[in-house]
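Listing of data.cif; format and content: mmCIF, C-alpha atoms and all ligand atoms.
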```cif
data_input
loop_
_atom_site.label_atom_id
_atom_site.label_comp_id
_atom_site.auth_asym_id
_atom_site.auth_seq_id
_atom_site.Cartn_x
_atom_site.Cartn_y
_atom_site.Cartn_z
CA MET F 1 -309.94 -15.75 52.61
CA PRO F 2 -306.56 -16.78 51.20
CA TYR F 3 -303.44 -16.58 53.31
CA LYS F 4 -299.79 -16.31 52.47
CA ILE F 5 -297.40 -18.38 54.56
CA GLU F 6 -293.85 -17.14 54.97
CA GLN F 7 -291.07 -18.83 56.85
CA ASP F 8 -287.76 -17.36 57.87
CA TYR F 9 -285.99 -20.50 56.87
CA GLU F 10 -282.64 -19.45 58.30
CA LYS F 11 -284.14 -19.20 61.78
CA CYS F 12 -285.81 -22.64 61.76
CA ILE F 13 -284.15 -24.93 64.33
CA GLY F 14 -285.91 -28.04 63.06
CA CYS F 15 -287.78 -28.72 66.29
CA GLY F 16 -290.68 -30.36 64.46
CA SER F 17 -293.42 -28.60 66.44
CA CYS F 18 -295.10 -27.18 63.36
CA THR F 19 -295.21 -30.60 61.73
CA SER F 20 -296.74 -32.03 64.91
CA VAL F 21 -299.61 -29.56 65.06
CA CYS F 22 -300.06 -29.13 61.30
CA ALA F 23 -298.89 -32.22 59.49
CA GLY F 24 -301.22 -31.33 56.65
CA ASN F 25 -299.10 -28.41 55.54
CA TRP F 26 -295.68 -28.75 57.22
CA GLU F 27 -293.09 -31.38 56.62
CA MET F 28 -289.53 -32.02 57.68
CA LYS F 29 -287.04 -32.27 54.85
CA ASP F 30 -283.62 -33.86 54.55
CA ASP F 31 -281.99 -30.56 55.44
CA GLY F 32 -283.37 -30.96 58.98
CA LYS F 33 -285.74 -28.04 58.65
CA ALA F 34 -289.47 -27.77 58.27
CA HIS F 35 -291.04 -26.50 55.06
CA PRO F 36 -294.58 -25.52 54.20
CA VAL F 37 -296.16 -27.79 51.61
CA GLN F 38 -298.20 -24.88 50.27
CA GLU F 39 -297.20 -21.24 50.65
CA GLU F 40 -300.66 -19.99 49.78
CA VAL F 41 -303.73 -21.56 51.36
CA GLU F 42 -307.43 -20.80 51.12
CA GLU F 43 -308.07 -21.47 54.80
CA ILE F 44 -305.62 -20.77 57.59
CA GLY F 45 -306.53 -23.98 59.41
CA CYS F 46 -303.80 -25.52 61.55
CA ASN F 47 -301.18 -23.17 60.09
CA LYS F 48 -302.30 -20.78 62.82
CA GLU F 49 -301.25 -23.28 65.48
CA ALA F 50 -297.95 -23.83 63.67
CA GLU F 51 -297.30 -20.09 63.74
CA GLU F 52 -298.13 -19.91 67.44
CA ILE F 53 -296.13 -22.92 68.53
CA CYS F 54 -292.92 -22.13 66.66
CA PRO F 55 -290.35 -21.38 69.39
CA VAL F 56 -288.31 -19.03 67.21
CA GLN F 57 -291.29 -17.24 65.62
CA CYS F 58 -290.08 -17.93 62.11
CA ILE F 59 -293.55 -18.60 60.64
CA LYS F 60 -295.56 -15.61 59.50
CA ILE F 61 -299.06 -15.84 58.07
CA SER F 62 -300.73 -12.89 56.39
CA PRO F 63 -304.17 -12.54 54.90
CA GLN F 64 -304.21 -11.77 51.19
CA LYS F 65 -306.58 -9.28 49.62
S1 LIG F 101 -291.84 -24.95 64.71
FE1 LIG F 101 -290.52 -23.36 63.80
S2 LIG F 101 -288.42 -23.91 64.42
FE2 LIG F 101 -289.71 -25.71 64.74
S3 LIG F 101 -289.48 -26.89 62.84
FE3 LIG F 101 -291.32 -25.60 62.61
S4 LIG F 101 -290.59 -23.73 61.57
FE4 LIG F 101 -288.79 -24.82 62.40
#
```

Using structure tokens, write down the structure from this file.
Amino acid sequence: MPYKIEQDYEKCIGCGSCTSVCAGNWEMKDDGKAHPVQEEVEEIGCNKEAEEICPVQCIKISPQK
């Protein structure tokens, strides 16, 4: 099932937790914030852990129909 990954970019504090648990789809950029590499993925994979670990809950993952 495909998933859509949304991030409330303004809320990101650049802690790097999401990149630690899901380096495959999250990377830190020069602006000091994390960004998803892909905003639509076929499998949720470690993005679920990224969503759960984010201390400011700025990652939201929703299944797509
Ligand atoms: S875990 Fe959340 S606050 Fe931390 S870098 Fe990732 S998106 Fe930003």

Looking at only C-alpha atoms, which of F:Cys18, F:Ala23, F:Ile61, F:Met28 is the one that sits closest to Glu49 in chain F?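 The shortest atom-to-atom distance to Glu49 in chain F comes from F:Cys18.
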
Using only C-alpha atoms, which residues sit within 9 Å of Asn47 in chain F once same-chain residues fewer than 5 positions away are excluded, as a list in words?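 Answer for this query is Ile5, Cys18, Val21, Cys22, Gly24, Asn25, Trp26, Glu52, Ile59 and Ile61 of chain F.
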
Would you list the residues that come within 12 Å of ligand LIG 101 (chain F)? Count all atoms listed in the file and give the answer as a PDB file with C-alpha atoms, in the coordinates of the input.
```pdb
ATOM      1  CA  ILE F   5    -297.400 -18.380  54.560  1.00  0.00           C
ATOM      2  CA  GLU F   6    -293.850 -17.140  54.970  1.00  0.00           C
ATOM      3  CA  GLN F   7    -291.070 -18.830  56.850  1.00  0.00           C
ATOM      4  CA  ASP F   8    -287.760 -17.360  57.870  1.00  0.00           C
ATOM      5  CA  TYR F   9    -285.990 -20.500  56.870  1.00  0.00           C
ATOM      6  CA  GLU F  10    -282.640 -19.450  58.300  1.00  0.00           C
ATOM      7  CA  LYS F  11    -284.140 -19.200  61.780  1.00  0.00           C
ATOM      8  CA  CYS F  12    -285.810 -22.640  61.760  1.00  0.00           C
ATOM      9  CA  ILE F  13    -284.150 -24.930  64.330  1.00  0.00           C
ATOM     10  CA  GLY F  14    -285.910 -28.040  63.060  1.00  0.00           C
ATOM     11  CA  CYS F  15    -287.780 -28.720  66.290  1.00  0.00           C
ATOM     12  CA  GLY F  16    -290.680 -30.360  64.460  1.00  0.00           C
ATOM     13  CA  SER F  17    -293.420 -28.600  66.440  1.00  0.00           C
ATOM     14  CA  CYS F  18    -295.100 -27.180  63.360  1.00  0.00           C
ATOM     15  CA  THR F  19    -295.210 -30.600  61.730  1.00  0.00           C
ATOM     16  CA  SER F  20    -296.740 -32.030  64.910  1.00  0.00           C
ATOM     17  CA  VAL F  21    -299.610 -29.560  65.060  1.00  0.00           C
ATOM     18  CA  CYS F  22    -300.060 -29.130  61.300  1.00  0.00           C
ATOM     19  CA  ALA F  23    -298.890 -32.220  59.490  1.00  0.00           C
ATOM     20  CA  ASN F  25    -299.100 -28.410  55.540  1.00  0.00           C
ATOM     21  CA  TRP F  26    -295.680 -28.750  57.220  1.00  0.00           C
ATOM     22  CA  GLU F  27    -293.090 -31.380  56.620  1.00  0.00           C
ATOM     23  CA  MET F  28    -289.530 -32.020  57.680  1.00  0.00           C
ATOM     24  CA  LYS F  29    -287.040 -32.270  54.850  1.00  0.00           C
ATOM     25  CA  ASP F  31    -281.990 -30.560  55.440  1.00  0.00           C
ATOM     26  CA  GLY F  32    -283.370 -30.960  58.980  1.00  0.00           C
ATOM     27  CA  LYS F  33    -285.740 -28.040  58.650  1.00  0.00           C
ATOM     28  CA  ALA F  34    -289.470 -27.770  58.270  1.00  0.00           C
ATOM     29  CA  HIS F  35    -291.040 -26.500  55.060  1.00  0.00           C
ATOM     30  CA  PRO F  36    -294.580 -25.520  54.200  1.00  0.00           C
ATOM     31  CA  ASN F  47    -301.180 -23.170  60.090  1.00  0.00           C
ATOM     32  CA  LYS F  48    -302.300 -20.780  62.820  1.00  0.00           C
ATOM     33  CA  GLU F  49    -301.250 -23.280  65.480  1.00  0.00           C
ATOM     34  CA  ALA F  50    -297.950 -23.830  63.670  1.00  0.00           C
ATOM     35  CA  GLU F  51    -297.300 -20.090  63.740  1.00  0.00           C
ATOM     36  CA  GLU F  52    -298.130 -19.910  67.440  1.00  0.00           C
ATOM     37  CA  ILE F  53    -296.130 -22.920  68.530  1.00  0.00           C
ATOM     38  CA  CYS F  54    -292.920 -22.130  66.660  1.00  0.00           C
ATOM     39  CA  PRO F  55    -290.350 -21.380  69.390  1.00  0.00           C
ATOM     40  CA  VAL F  56    -288.310 -19.030  67.210  1.00  0.00           C
ATOM     41  CA  GLN F  57    -291.290 -17.240  65.620  1.00  0.00           C
ATOM     42  CA  CYS F  58    -290.080 -17.930  62.110  1.00  0.00           C
ATOM     43  CA  ILE F  59    -293.550 -18.600  60.640  1.00  0.00           C
ATOM     44  CA  LYS F  60    -295.560 -15.610  59.500  1.00  0.00           C
TER      45      LYS F  60
END
```

Let me have the centre and edge lengths of the axis-aligned box enclosing all listed atoms of range 40-56 of chain F with 5 Å padding on every side, in Å to one decimal, as AutoDock Vina command-line options.
```
--center_x -298.2 --center_y -22.3 --center_z 59.6 --size_x 29.8 --size_y 16.5 --size_z 29.6
```
